[in-house]
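One file, entry.cif, is given below (mmCIF, C-alpha atoms).
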```cif
data_structure
#
loop_
_atom_site.label_atom_id
_atom_site.label_comp_id
_atom_site.auth_asym_id
_atom_site.auth_seq_id
_atom_site.Cartn_x
_atom_site.Cartn_y
_atom_site.Cartn_z
CA MET A 1492 38.58 105.71 -170.82
CA LEU A 1493 42.25 106.26 -170.38
CA ALA A 1494 44.42 104.66 -173.01
CA GLU A 1495 48.01 103.95 -172.05
CA LYS A 1496 50.70 104.44 -174.64
CA THR A 1497 54.28 103.35 -173.99
CA TYR A 1498 57.24 105.07 -175.59
CA PHE A 1499 60.79 103.69 -175.40
CA ASN A 1500 62.96 106.73 -175.28
CA ASN A 1501 66.72 106.70 -175.83
CA LYS A 1502 67.00 109.35 -173.12
CA PRO A 1503 66.09 107.84 -169.73
CA ASP A 1504 63.88 109.89 -167.46
CA SER A 1505 66.05 111.30 -164.65
CA VAL A 1506 63.44 110.69 -161.95
CA LEU A 1507 62.95 107.06 -162.93
CA LYS A 1508 66.69 106.63 -163.09
CA SER A 1509 67.19 108.06 -159.61
CA GLN A 1510 64.50 105.80 -158.18
CA PHE A 1511 66.05 102.80 -159.90
CA VAL A 1512 69.57 103.47 -158.69
CA PHE A 1513 68.36 104.14 -155.14
CA THR A 1514 66.13 101.03 -154.98
CA PHE A 1515 68.66 98.64 -156.40
CA GLY A 1516 71.49 100.27 -154.52
CA LEU A 1517 69.67 99.32 -151.33
CA LEU A 1518 68.99 95.84 -152.66
CA PHE A 1519 72.60 95.33 -153.68
CA THR A 1520 73.86 96.64 -150.36
CA ALA A 1521 71.61 94.19 -148.54
CA PHE A 1522 73.00 91.33 -150.61
CA ALA A 1523 76.53 92.57 -149.97
CA LEU A 1524 76.05 92.66 -146.22
CA LEU A 1525 74.47 89.22 -146.29
CA PHE A 1526 77.05 87.44 -148.41
CA THR A 1527 80.37 89.15 -147.75
CA GLY A 1528 83.07 87.53 -145.65
CA GLU A 1529 83.10 83.77 -145.35
CA ALA A 1530 80.02 83.22 -147.53
CA PHE A 1531 82.08 84.16 -150.59
CA SER A 1532 85.70 83.54 -149.69
CA GLN A 1533 85.35 80.18 -147.97
CA PRO A 1534 83.07 77.83 -149.91
CA GLY A 1535 84.35 74.78 -148.03
CA ILE A 1536 87.10 73.89 -150.48
CA SER A 1537 89.78 71.45 -149.37
CA SER A 1538 92.82 71.43 -151.64
CA PRO A 1539 96.52 71.43 -150.70
CA TYR A 1540 97.10 73.38 -153.92
CA SER A 1541 95.26 76.35 -152.39
CA SER A 1542 98.16 76.80 -149.95
CA PHE A 1543 100.18 78.63 -152.62
CA GLY A 1544 99.91 82.30 -153.57
CA ILE A 1545 96.53 83.70 -152.58
CA GLY A 1546 94.75 80.37 -153.02
CA TYR A 1547 92.50 78.86 -155.64
CA LEU A 1548 91.47 81.57 -158.15
CA SER A 1549 87.72 81.68 -158.78
CA ASN A 1550 87.62 83.34 -162.26
CA THR A 1551 83.88 83.87 -161.80
CA ASN A 1552 81.64 85.22 -164.56
CA ASN A 1553 77.96 84.93 -165.46
CA VAL A 1554 76.63 81.39 -165.91
CA ARG A 1555 75.98 81.87 -169.64
CA LEU A 1556 79.67 82.43 -170.42
CA THR A 1557 80.86 79.95 -167.80
CA SER A 1558 78.88 77.29 -169.69
CA MET A 1559 80.68 78.31 -172.90
CA GLY A 1560 84.20 77.37 -171.84
CA LYS A 1561 84.55 80.51 -169.68
CA ILE A 1562 85.04 82.78 -172.70
CA GLY A 1563 84.23 86.47 -172.31
CA ILE A 1564 86.97 88.75 -173.64
CA GLY A 1565 85.46 88.82 -177.12
CA SER A 1566 81.81 88.48 -176.09
CA ARG A 1567 79.05 91.07 -175.63
CA ASP A 1568 75.26 91.04 -175.53
CA HIS A 1569 72.40 93.20 -174.31
CA PHE A 1570 71.09 90.88 -171.64
CA THR A 1571 73.96 89.65 -169.44
CA ILE A 1572 76.83 91.21 -167.49
CA ASN A 1573 80.24 90.06 -168.72
CA ILE A 1574 82.82 90.76 -166.00
CA ALA A 1575 85.66 89.34 -168.12
CA ASN A 1576 85.77 92.45 -170.34
CA PRO A 1577 84.35 95.74 -169.01
CA ALA A 1578 84.11 97.10 -172.56
CA SER A 1579 81.15 94.77 -173.08
CA TYR A 1580 78.95 96.82 -170.72
CA SER A 1581 78.28 99.34 -173.49
CA ALA A 1582 76.00 96.74 -175.11
CA PHE A 1583 73.27 97.45 -172.52
CA ASP A 1584 70.49 99.54 -174.02
CA SER A 1585 69.42 102.83 -172.46
CA THR A 1586 66.01 101.69 -171.20
CA SER A 1587 66.79 98.61 -169.14
CA PHE A 1588 68.70 97.17 -166.23
CA VAL A 1589 70.31 93.73 -165.89
CA PHE A 1590 70.65 91.73 -162.69
CA GLU A 1591 72.02 88.25 -162.03
CA ALA A 1592 72.48 86.22 -158.86
CA GLY A 1593 74.05 82.77 -158.88
CA VAL A 1594 75.11 79.82 -156.77
CA VAL A 1595 77.51 76.95 -157.44
CA GLY A 1596 77.66 73.41 -156.13
CA MET A 1597 80.96 71.54 -156.28
CA PHE A 1598 81.88 67.86 -156.17
CA VAL A 1599 85.60 67.02 -156.03
CA ASN A 1600 87.36 63.67 -156.02
CA TYR A 1601 90.93 63.83 -154.68
CA LYS A 1602 93.08 61.01 -156.00
CA THR A 1603 96.66 59.92 -155.34
CA ASP A 1604 98.45 56.75 -156.41
CA LYS A 1605 97.40 55.22 -153.07
CA THR A 1606 94.12 56.74 -151.84
CA ASP A 1607 91.18 58.92 -152.86
CA ALA A 1608 88.58 61.06 -151.07
CA ASN A 1609 85.49 63.09 -151.99
CA LEU A 1610 84.16 66.53 -151.07
CA VAL A 1611 80.74 68.06 -151.74
CA THR A 1612 80.24 71.77 -151.06
CA GLY A 1613 78.60 74.92 -152.43
CA THR A 1614 78.41 78.68 -152.10
CA VAL A 1615 76.91 81.88 -153.48
CA SER A 1616 78.94 82.51 -156.65
CA HIS A 1617 78.11 86.07 -157.74
CA LEU A 1618 75.82 89.07 -157.61
CA LEU A 1619 75.84 91.29 -160.71
CA MET A 1620 73.92 94.42 -161.67
CA GLY A 1621 74.17 96.62 -164.79
CA PHE A 1622 72.35 99.79 -165.81
CA PRO A 1623 72.68 102.94 -167.95
CA VAL A 1624 73.90 106.13 -166.31
CA THR A 1625 73.73 108.45 -169.33
CA LYS A 1626 73.22 108.00 -173.04
CA TRP A 1627 76.96 107.30 -173.43
CA TRP A 1628 77.83 105.69 -170.08
CA ARG A 1629 76.96 102.18 -168.83
CA ALA A 1630 77.84 100.97 -165.34
CA THR A 1631 77.88 97.76 -163.31
CA LEU A 1632 78.13 96.67 -159.70
CA ALA A 1633 79.40 93.21 -158.83
CA LEU A 1634 80.17 91.19 -155.72
CA LEU A 1635 81.98 87.91 -156.19
CA PRO A 1636 84.78 85.74 -154.78
CA TYR A 1637 88.33 86.21 -156.05
CA SER A 1638 90.24 83.40 -154.35
CA SER A 1639 89.72 80.69 -151.74
CA VAL A 1640 92.03 78.86 -149.35
CA GLY A 1641 91.11 75.63 -147.59
CA TYR A 1642 93.33 72.67 -146.75
CA ASP A 1643 94.34 70.34 -143.91
CA ALA A 1644 97.06 67.83 -144.74
CA SER A 1645 99.49 65.67 -142.78
CA SER A 1646 102.70 63.80 -143.52
CA TYR A 1647 105.02 61.59 -141.46
CA ASN A 1648 108.76 61.06 -141.33
CA TYR A 1649 110.44 58.33 -139.27
CA LYS A 1650 113.76 58.79 -137.47
CA THR A 1651 115.45 56.03 -135.49
CA ASP A 1652 116.14 58.01 -132.31
CA VAL A 1653 112.83 59.89 -132.34
CA GLY A 1654 110.19 57.71 -133.97
CA ASN A 1655 107.49 59.25 -136.13
CA ILE A 1656 107.55 62.98 -136.77
CA LYS A 1657 104.16 64.35 -137.80
CA TYR A 1658 103.91 67.45 -139.98
CA GLN A 1659 100.46 69.01 -140.25
CA TYR A 1660 99.58 71.91 -142.58
CA PHE A 1661 96.28 73.82 -142.51
CA GLY A 1662 94.83 77.01 -143.93
CA SER A 1663 91.60 78.89 -144.60
CA GLY A 1664 90.27 82.20 -145.91
CA GLY A 1665 90.48 83.98 -149.24
CA PHE A 1666 89.85 87.23 -151.10
CA ASN A 1667 86.56 88.83 -152.16
CA ARG A 1668 85.97 91.39 -154.89
CA PHE A 1669 83.58 94.33 -155.00
CA ASN A 1670 83.59 95.76 -158.49
CA VAL A 1671 82.37 99.03 -160.00
CA GLY A 1672 82.57 98.89 -163.80
CA SER A 1673 82.12 101.53 -166.47
CA SER A 1674 81.98 101.38 -170.25
CA PHE A 1675 81.96 104.00 -172.97
CA GLN A 1676 81.58 103.93 -176.75
CA PRO A 1677 83.63 106.81 -178.20
CA LEU A 1678 83.18 105.49 -181.75
CA ARG A 1679 80.36 103.58 -183.36
CA ASN A 1680 82.21 100.25 -183.47
CA LEU A 1681 84.61 100.74 -180.57
CA SER A 1682 83.95 100.28 -176.84
CA LEU A 1683 86.23 100.93 -173.88
CA GLY A 1684 85.75 99.83 -170.30
CA VAL A 1685 87.35 99.67 -166.88
CA ASN A 1686 86.66 97.70 -163.70
CA VAL A 1687 87.64 99.42 -160.47
CA SER A 1688 87.62 96.66 -157.86
CA TYR A 1689 88.24 96.58 -154.16
CA LEU A 1690 89.97 93.32 -153.22
CA TRP A 1691 89.93 92.37 -149.58
CA GLY A 1692 90.25 89.33 -147.40
CA LYS A 1693 92.22 87.37 -144.84
CA ILE A 1694 94.24 84.19 -145.24
CA ASP A 1695 95.28 82.08 -142.27
CA LYS A 1696 97.98 79.43 -142.60
CA GLY A 1697 99.44 77.17 -139.95
CA GLN A 1698 101.82 74.28 -139.36
CA THR A 1699 102.53 71.92 -136.48
CA ILE A 1700 105.47 69.60 -135.89
CA SER A 1701 104.73 66.92 -133.31
CA PHE A 1702 106.18 63.62 -132.06
CA PRO A 1703 103.43 61.01 -131.58
CA ASP A 1704 105.86 58.31 -130.34
CA SER A 1705 107.50 60.41 -127.64
CA LEU A 1706 106.12 62.11 -124.54
CA ASN A 1707 109.37 63.92 -123.75
CA LEU A 1708 109.80 65.97 -126.91
CA THR A 1709 108.22 69.41 -127.26
CA SER A 1710 106.03 70.08 -130.28
CA THR A 1711 105.82 73.34 -132.27
CA ARG A 1712 102.94 75.26 -133.83
CA ILE A 1713 103.37 78.14 -136.28
CA ASP A 1714 100.50 80.51 -137.20
CA ASN A 1715 101.00 82.88 -140.10
CA SER A 1716 98.17 85.11 -141.38
CA PHE A 1717 97.75 88.25 -143.43
CA THR A 1718 94.94 90.61 -144.35
CA SER A 1719 94.76 92.74 -147.49
CA GLY A 1720 92.52 95.46 -148.84
CA ASP A 1721 93.19 97.73 -151.80
CA ILE A 1722 92.12 98.90 -155.26
CA TYR A 1723 92.62 96.61 -158.26
CA LEU A 1724 92.13 97.65 -161.90
CA ASP A 1725 91.47 95.82 -165.14
CA MET A 1726 90.69 97.40 -168.49
CA GLY A 1727 89.21 96.24 -171.77
CA VAL A 1728 88.52 97.20 -175.36
CA GLN A 1729 86.19 95.71 -177.97
CA TYR A 1730 85.72 96.26 -181.67
CA HIS A 1731 82.28 95.16 -182.86
CA ALA A 1732 80.83 95.31 -186.36
CA ARG A 1733 78.07 93.85 -188.54
CA MET A 1734 79.41 91.74 -191.42
CA LYS A 1735 77.78 90.04 -194.39
CA ASN A 1736 74.89 87.62 -193.89
CA ASN A 1737 73.88 89.45 -190.68
CA LEU A 1738 76.91 88.12 -188.80
CA ASP A 1739 78.26 90.12 -185.83
CA LEU A 1740 81.99 90.13 -185.16
CA VAL A 1741 83.48 91.10 -181.80
CA VAL A 1742 87.25 91.31 -181.19
CA GLY A 1743 88.38 92.15 -177.66
CA ALA A 1744 91.44 92.56 -175.46
CA THR A 1745 91.96 93.03 -171.72
CA PHE A 1746 94.82 94.19 -169.53
CA ASN A 1747 95.36 94.37 -165.79
CA PRO A 1748 98.50 96.16 -164.55
CA LYS A 1749 100.73 94.92 -161.76
CA THR A 1750 99.17 96.02 -158.47
CA ASN A 1751 100.40 96.27 -154.88
CA LEU A 1752 97.73 95.46 -152.28
CA ALA A 1753 98.34 97.05 -148.89
CA SER A 1754 98.59 94.22 -146.34
CA GLU A 1755 99.29 93.39 -142.71
CA GLY A 1756 100.92 90.14 -141.61
CA HIS A 1757 100.87 88.38 -138.24
CA TYR A 1758 103.29 85.60 -137.23
CA ILE A 1759 103.68 83.57 -134.08
CA ALA A 1760 105.60 80.35 -133.34
CA ARG A 1761 104.97 78.54 -130.04
CA SER A 1762 105.98 75.30 -128.38
CA TYR A 1763 103.38 73.07 -126.76
CA ALA A 1764 103.33 69.93 -124.65
CA GLY A 1765 100.10 68.41 -125.90
CA GLU A 1766 96.84 68.94 -127.77
CA SER A 1767 93.29 67.69 -127.27
CA ASN A 1768 90.28 68.53 -129.45
CA GLY A 1769 92.03 71.56 -130.91
CA ILE A 1770 93.10 72.94 -127.51
CA TYR A 1771 96.86 73.31 -127.18
CA ASN A 1772 98.89 73.31 -123.98
CA PHE A 1773 101.33 76.05 -125.00
CA LYS A 1774 104.60 76.40 -123.08
CA ASP A 1775 106.73 79.12 -124.68
CA THR A 1776 106.61 81.69 -127.45
CA ILE A 1777 109.49 81.16 -129.86
CA THR A 1778 108.88 84.04 -132.26
CA TYR A 1779 106.19 86.72 -132.26
CA ILE A 1780 105.66 89.39 -134.93
CA PRO A 1781 102.35 91.13 -134.06
CA ILE A 1782 102.14 93.39 -137.15
CA GLU A 1783 104.20 93.37 -140.32
CA ARG A 1784 103.10 95.96 -142.86
CA GLY A 1785 103.84 95.51 -146.51
CA TYR A 1786 102.30 94.57 -149.84
CA VAL A 1787 100.96 91.61 -151.74
CA GLU A 1788 102.18 92.17 -155.30
CA MET A 1789 99.56 91.00 -157.82
CA PRO A 1790 100.90 90.25 -161.30
CA MET A 1791 100.27 91.85 -164.66
CA GLY A 1792 97.99 89.96 -167.04
CA TYR A 1793 96.46 90.29 -170.48
CA GLY A 1794 94.14 88.46 -172.83
CA PHE A 1795 92.51 88.64 -176.24
CA GLY A 1796 89.61 86.89 -177.93
CA PHE A 1797 86.88 87.07 -180.54
CA SER A 1798 83.37 85.85 -181.24
CA ILE A 1799 81.14 85.50 -184.31
CA GLU A 1800 77.40 85.55 -183.82
CA LYS A 1801 74.22 85.35 -185.81
CA ALA A 1802 71.82 87.02 -183.42
CA GLY A 1803 69.02 84.77 -182.26
CA HIS A 1804 70.61 81.66 -183.82
CA TRP A 1805 74.17 80.86 -182.76
CA MET A 1806 77.45 82.22 -181.41
CA PHE A 1807 81.03 80.91 -181.28
CA GLY A 1808 84.10 82.40 -179.59
CA MET A 1809 87.72 81.76 -178.59
CA GLU A 1810 90.19 83.48 -176.28
CA TYR A 1811 93.66 83.33 -174.70
CA LYS A 1812 94.73 84.74 -171.31
CA MET A 1813 98.12 85.01 -169.62
CA SER A 1814 99.23 86.18 -166.14
CA ASN A 1815 102.80 86.78 -164.93
CA TRP A 1816 102.46 84.98 -161.59
CA SER A 1817 106.24 84.65 -161.38
CA GLU A 1818 106.09 88.34 -160.32
CA PHE A 1819 103.96 87.51 -157.27
CA ARG A 1820 105.44 88.62 -153.96
CA LYS A 1821 104.06 88.60 -150.43
CA PHE A 1822 105.89 91.04 -148.16
CA GLY A 1823 108.76 90.95 -150.65
CA GLN A 1824 109.02 87.14 -150.71
CA PRO A 1825 108.25 84.98 -153.79
CA ASP A 1826 106.12 81.84 -153.60
CA SER A 1827 107.67 79.66 -156.36
CA LEU A 1828 104.81 80.48 -158.75
CA GLN A 1829 105.02 80.25 -162.53
CA ASN A 1830 103.32 82.23 -165.28
CA SER A 1831 99.88 80.87 -166.11
CA SER A 1832 97.96 80.73 -169.38
CA THR A 1833 94.44 79.69 -170.40
CA PHE A 1834 92.92 78.83 -173.78
CA SER A 1835 89.12 78.72 -174.01
CA LEU A 1836 86.49 78.19 -176.67
CA GLY A 1837 82.75 77.85 -176.62
CA GLY A 1838 79.46 78.63 -178.25
CA GLU A 1839 75.69 78.84 -178.02
CA TYR A 1840 72.92 77.49 -180.25
CA ILE A 1841 69.27 78.56 -180.27
CA PRO A 1842 66.89 76.38 -182.36
CA ASP A 1843 64.32 79.16 -182.81
CA ALA A 1844 64.52 82.18 -180.51
CA ASN A 1845 61.14 83.55 -181.70
CA SER A 1846 59.14 80.32 -181.74
CA ALA A 1847 55.52 80.87 -180.69
CA TYR A 1848 54.64 77.16 -180.78
CA SER A 1849 57.39 75.31 -178.89
CA TYR A 1850 59.01 76.63 -175.73
CA PHE A 1851 61.91 74.18 -176.07
CA GLN A 1852 62.81 75.72 -179.43
CA THR A 1853 63.67 78.91 -177.53
CA VAL A 1854 66.00 77.21 -175.01
CA ARG A 1855 69.67 78.21 -175.36
CA ILE A 1856 72.12 75.29 -175.67
CA ARG A 1857 75.69 76.11 -174.60
CA PHE A 1858 78.98 74.22 -174.80
CA GLY A 1859 82.73 74.78 -174.53
CA GLY A 1860 86.04 73.83 -173.02
CA HIS A 1861 89.15 75.32 -171.42
CA PHE A 1862 92.76 74.34 -170.87
CA THR A 1863 94.96 76.04 -168.27
CA GLN A 1864 98.61 75.80 -167.36
CA SER A 1865 98.29 76.88 -163.73
CA TYR A 1866 100.74 78.95 -161.75
CA LEU A 1867 101.88 75.85 -159.82
CA GLN A 1868 104.98 73.86 -160.68
CA LEU A 1869 105.62 71.19 -158.04
CA ARG A 1870 108.27 68.46 -158.10
CA GLY A 1871 109.05 69.22 -161.70
CA GLU A 1872 105.42 69.01 -162.84
CA HIS A 1873 103.68 72.10 -164.24
CA LEU A 1874 100.12 71.44 -163.07
CA LYS A 1875 97.36 71.70 -165.65
CA ASP A 1876 93.59 72.16 -165.51
CA PHE A 1877 91.35 70.85 -168.28
CA GLY A 1878 87.56 71.12 -168.33
CA ILE A 1879 84.57 70.79 -170.61
CA THR A 1880 81.42 72.82 -170.07
CA PHE A 1881 77.82 72.78 -171.21
CA GLY A 1882 74.57 74.34 -170.09
CA PHE A 1883 71.16 75.70 -170.91
CA GLY A 1884 69.33 79.00 -170.80
CA PHE A 1885 65.60 78.79 -170.08
CA PRO A 1886 63.71 82.00 -170.97
CA LEU A 1887 61.04 82.97 -168.44
CA LYS A 1888 57.62 82.62 -170.00
CA GLY A 1889 55.98 85.93 -170.72
CA SER A 1890 59.16 87.99 -170.42
CA GLN A 1891 59.72 88.22 -174.17
CA LEU A 1892 56.14 89.36 -174.70
CA ARG A 1893 57.00 92.36 -172.53
CA GLY A 1894 60.19 92.98 -174.53
CA ASN A 1895 62.40 91.55 -171.77
CA HIS A 1896 64.93 88.72 -171.73
CA SER A 1897 64.91 87.29 -168.20
CA MET A 1898 66.27 83.77 -167.99
CA ILE A 1899 67.14 80.86 -165.73
CA ASN A 1900 70.64 79.56 -166.43
CA LEU A 1901 71.99 76.11 -165.65
CA GLY A 1902 75.62 75.20 -166.34
CA PHE A 1903 77.91 72.23 -165.81
CA GLU A 1904 81.70 72.03 -165.69
CA ILE A 1905 83.53 68.68 -165.67
CA GLY A 1906 87.30 68.59 -165.46
CA SER A 1907 90.49 67.71 -163.67
CA ARG A 1908 93.56 69.52 -162.36
CA GLY A 1909 96.85 68.21 -161.06
CA THR A 1910 98.36 64.76 -161.49
CA VAL A 1911 99.03 61.57 -159.50
CA TYR A 1912 102.66 61.46 -160.67
CA ARG A 1913 105.50 62.22 -158.23
CA ASP A 1914 103.17 61.71 -155.23
CA LEU A 1915 100.98 64.67 -156.22
CA ILE A 1916 97.18 64.91 -156.12
CA LYS A 1917 94.77 64.81 -159.02
CA GLU A 1918 91.48 66.62 -158.45
CA ASN A 1919 88.55 65.51 -160.61
CA TYR A 1920 85.67 67.95 -160.26
CA VAL A 1921 82.08 68.58 -161.28
CA ASN A 1922 80.72 72.11 -160.78
CA ILE A 1923 77.02 72.87 -161.17
CA HIS A 1924 76.14 76.54 -161.72
CA PHE A 1925 72.68 78.03 -161.34
CA SER A 1926 71.57 81.61 -161.76
CA MET A 1927 68.63 83.83 -162.56
CA SER A 1928 69.36 86.72 -164.88
CA ILE A 1929 66.82 89.51 -165.08
CA GLN A 1930 66.68 91.99 -167.94
CA GLU A 1931 63.78 94.41 -167.57
CA ARG A 1932 62.84 97.73 -169.09
CA TRP A 1933 62.82 100.29 -166.31
CA PHE A 1934 63.47 103.61 -167.96
CA VAL A 1935 60.17 103.80 -169.83
CA LYS A 1936 58.05 106.93 -170.12
CA ARG A 1937 54.32 106.32 -170.18
CA ARG A 1938 51.70 108.77 -171.40
CA TYR A 1939 47.99 108.58 -170.86
CA LYS A 1940 45.30 109.98 -173.11
#
```
Could you render the structure from this file as structure tokens?
Amino acid sequence: MLAEKTYFNNKPDSVLKSQFVFTFGLLFTAFALLFTGEAFSQPGISSPYSSFGIGYLSNTNNVRLTSMGKIGIGSRDHFTINIANPASYSAFDSTSFVFEAGVVGMFVNYKTDKTDANLVTGTVSHLLMGFPVTKWWRATLALLPYSSVGYDASSYNYKTDVGNIKYQYFGSGGFNRFNVGSSFQPLRNLSLGVNVSYLWGKIDKGQTISFPDSLNLTSTRIDNSFTSGDIYLDMGVQYHARMKNNLDLVVGATFNPKTNLASEGHYIARSYAGESNGIYNFKDTITYIPIERGYVEMPMGYGFGFSIEKAGHWMFGMEYKMSNWSEFRKFGQPDSLQNSSTFSLGGEYIPDANSAYSYFQTVRIRFGGHFTQSYLQLRGEHLKDFGITFGFGFPLKGSQLRGNHSMINLGFEIGSRGTVYRDLIKENYVNIHFSMSIQERWFVKRRYK
């Protein structure tokens, strides 16, 4: 009878590796073709605040870290892909691959000092894949949203000789991100990494000025859009070491340089006599700029953080991030943005990761919070975003018996951004994140006797 013996070798078999990369390359490409475009960049958001800059920034990461206050700069583990710091990829072992796909559902309550409204929406949040390339090189592929634009707002102004003047503002679109990450470990306790991303997308913005009380006055519609597509870099470093009492310390830092994204703008202003069901009776073209080539100048940013972990029991981390959004320019023009900063903290607790008697003792319990001074300062108010997070990781039964760590992740984020002061809008939100992370041993040599 044949007896199968399995050996875990630190040097992956080249044939198995080629088959793996080819198979999952096809799988990832299929996902990319399915979910690119509007599926990522337009999750049905509706926020006037997304009209500034390049819209509402997604700051997407895996659900585990999202549930822990969105930390990541000083975090690393063998079983998940941490986009926040590419240096963390070196934690993958040489005999496995990691894959995660996630979705997010969003509930938002928009509140002013006079009215409030609700929105429920959802979208695919991320597709992540990590694998070893050589003994010293780890790589990742990722597809995720970068920013989203979605708003439709109106205001009125009354003039004695004219009556009501209606101003309507609307916009849609956003940016997506396809990321290729690499990490290296030149020294035993030091890891370096880089994400080479391709950012692309289209943002459409428009405005109409109409006169509901007069049939003799001509209305105006302005359409202003731009498309961008270019390379975007961010880099990271981590120092990781084993301390006393089997505690693991990780200290990390990240940096993304100022980047110019090649862009094309389109602008047209037209007068119209009337509108019905979105169909305009245009009369004249006031201004038309078919193509304006230039750049969207993305700002420099940096961050640093740390975590302390007792493997299989608990982990706690903190981090700080800052971005110079005052440097933002679109075709050479600023957008009244301010520098932004974020402080985050979070942790994870595991009652008994190796329990053979109670499944619930192996469930990961996660918690955290974050505070952000956003890049928006409107009517003298620097808008803030505060949120608390919590979640759970449910190991798949049987996976640990095979030496794997596949898991279902569920995360919750409850917070608010903005304010009702000075006729602004406060957005109270609840985000529900769900993902399946798969960590399997692929590069295994088997021998039969």
Original post:
Mind pulling up the distance from atom CA of Ala1764 of chain A to atom CA of Lys1650 of chain A?
Top reply: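 So the two atoms, atom CA of Lys1650 of chain A and atom CA of Ala1764 of chain A, lie 19.9 Å apart.
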Exercise: residues within 7 Å of coordinate (78.2, 109.2, -177.2), counting all atoms listed in the file, as JSON, numbers by chain: {"A": [1626, 1627, 1676, 1677]}
Would you list the contacts of segment 1689-1700 of chain A as a tab-separated table (two decimals) with C-alpha atoms, in the coordinates of the input, taking every protein, DNA or RNA residue within 9 Å and counting all atoms listed in the file, but skipping same-chain residues closer than 5 positions in sequence?
```tsv
chain	number	residue	atom	x	y	z
A	1528	GLY	CA	83.07	87.53	-145.65
A	1532	SER	CA	85.70	83.54	-149.69
A	1542	SER	CA	98.16	76.80	-149.95
A	1545	ILE	CA	96.53	83.70	-152.58
A	1546	GLY	CA	94.75	80.37	-153.02
A	1637	TYR	CA	88.33	86.21	-156.05
A	1639	SER	CA	89.72	80.69	-151.74
A	1640	VAL	CA	92.03	78.86	-149.35
A	1656	ILE	CA	107.55	62.98	-136.77
A	1657	LYS	CA	104.16	64.35	-137.80
A	1658	TYR	CA	103.91	67.45	-139.98
A	1659	GLN	CA	100.46	69.01	-140.25
A	1660	TYR	CA	99.58	71.91	-142.58
A	1661	PHE	CA	96.28	73.82	-142.51
A	1662	GLY	CA	94.83	77.01	-143.93
A	1663	SER	CA	91.60	78.89	-144.60
A	1664	GLY	CA	90.27	82.20	-145.91
A	1665	GLY	CA	90.48	83.98	-149.24
A	1666	PHE	CA	89.85	87.23	-151.10
A	1667	ASN	CA	86.56	88.83	-152.16
A	1668	ARG	CA	85.97	91.39	-154.89
A	1669	PHE	CA	83.58	94.33	-155.00
A	1670	ASN	CA	83.59	95.76	-158.49
A	1671	VAL	CA	82.37	99.03	-160.00
A	1710	SER	CA	106.03	70.08	-130.28
A	1711	THR	CA	105.82	73.34	-132.27
A	1712	ARG	CA	102.94	75.26	-133.83
A	1713	ILE	CA	103.37	78.14	-136.28
A	1714	ASP	CA	100.50	80.51	-137.20
A	1715	ASN	CA	101.00	82.88	-140.10
A	1716	SER	CA	98.17	85.11	-141.38
A	1717	PHE	CA	97.75	88.25	-143.43
A	1718	THR	CA	94.94	90.61	-144.35
A	1719	SER	CA	94.76	92.74	-147.49
A	1720	GLY	CA	92.52	95.46	-148.84
A	1721	ASP	CA	93.19	97.73	-151.80
A	1722	ILE	CA	92.12	98.90	-155.26
A	1723	TYR	CA	92.62	96.61	-158.26
A	1724	LEU	CA	92.13	97.65	-161.90
A	1752	LEU	CA	97.73	95.46	-152.28
```
Problem set entry | Close residues, Phe1903 of chain A itself excluded, 8 Å, all atoms listed in the file, min 6 positions apart in chain, as a list in words | Ser1558, Thr1880, Phe1881, Gly1882, Val1921, Asn1922, Ile1923 and His1924 of chain A
Expected file contents, prior selection, C-alpha atoms, as an mmCIF file, in the frame of the given file:
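The result, written out as selection-v7.cif:
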```
data_model
loop_
_atom_site.group_PDB
_atom_site.id
_atom_site.type_symbol
_atom_site.label_atom_id
_atom_site.label_comp_id
_atom_site.auth_asym_id
_atom_site.auth_seq_id
_atom_site.Cartn_x
_atom_site.Cartn_y
_atom_site.Cartn_z
ATOM 1 C CA SER A 1558 78.880 77.290 -169.690
ATOM 2 C CA THR A 1880 81.420 72.820 -170.070
ATOM 3 C CA PHE A 1881 77.820 72.780 -171.210
ATOM 4 C CA GLY A 1882 74.570 74.340 -170.090
ATOM 5 C CA VAL A 1921 82.080 68.580 -161.280
ATOM 6 C CA ASN A 1922 80.720 72.110 -160.780
ATOM 7 C CA ILE A 1923 77.020 72.870 -161.170
ATOM 8 C CA HIS A 1924 76.140 76.540 -161.720
#
```
Out of A:Phe1822, A:Thr1709, A:Val1742, A:Gly1565, which residue has the shortest atom-to-atom distance to His1757 of chain A when counting all atoms listed in the file?
->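 The shortest atom-to-atom distance to His1757 of chain A comes from A:Phe1822.
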Hits from the PyMOL selection byres ((chain A and resi 1603-1608) around 10), listed as a list in words: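 Applied to this file, the PyMOL selection byres ((chain A and resi 1603-1608) around 10) returns Val1599, Asn1600, Tyr1601, Lys1602, Asn1609, Leu1610, Thr1910, Val1911, Tyr1912, Arg1913, Asp1914, Leu1915, Ile1916, Lys1917 and Glu1918 of chain A.
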(message) Can you tell me which residues surround Val1611 of chain A at a distance of at most 9 Å, considering all atoms listed in the file, apart from same-chain residues fewer than 2 positions away, and format the answer as a list in words?
(response)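 Skipping anything fewer than 2 positions along the chain leaves Gly1535, Ile1536, Gly1596, Met1597, Phe1598, Val1599, Asn1609 and Gly1613 of chain A.
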Take the residues just selected and output them with C-alpha atoms as a compact mmCIF listing (two decimals), keeping the file's coordinate frame.
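Contents of result31.txt, freshly written:
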```txt
# COMPACT_ATOMS: atom_id res chain seq x y z
CA GLY A 1535 84.35 74.78 -148.03
CA ILE A 1536 87.10 73.89 -150.48
CA GLY A 1596 77.66 73.41 -156.13
CA MET A 1597 80.96 71.54 -156.28
CA PHE A 1598 81.88 67.86 -156.17
CA VAL A 1599 85.60 67.02 -156.03
CA ASN A 1609 85.49 63.09 -151.99
CA GLY A 1613 78.60 74.92 -152.43
```
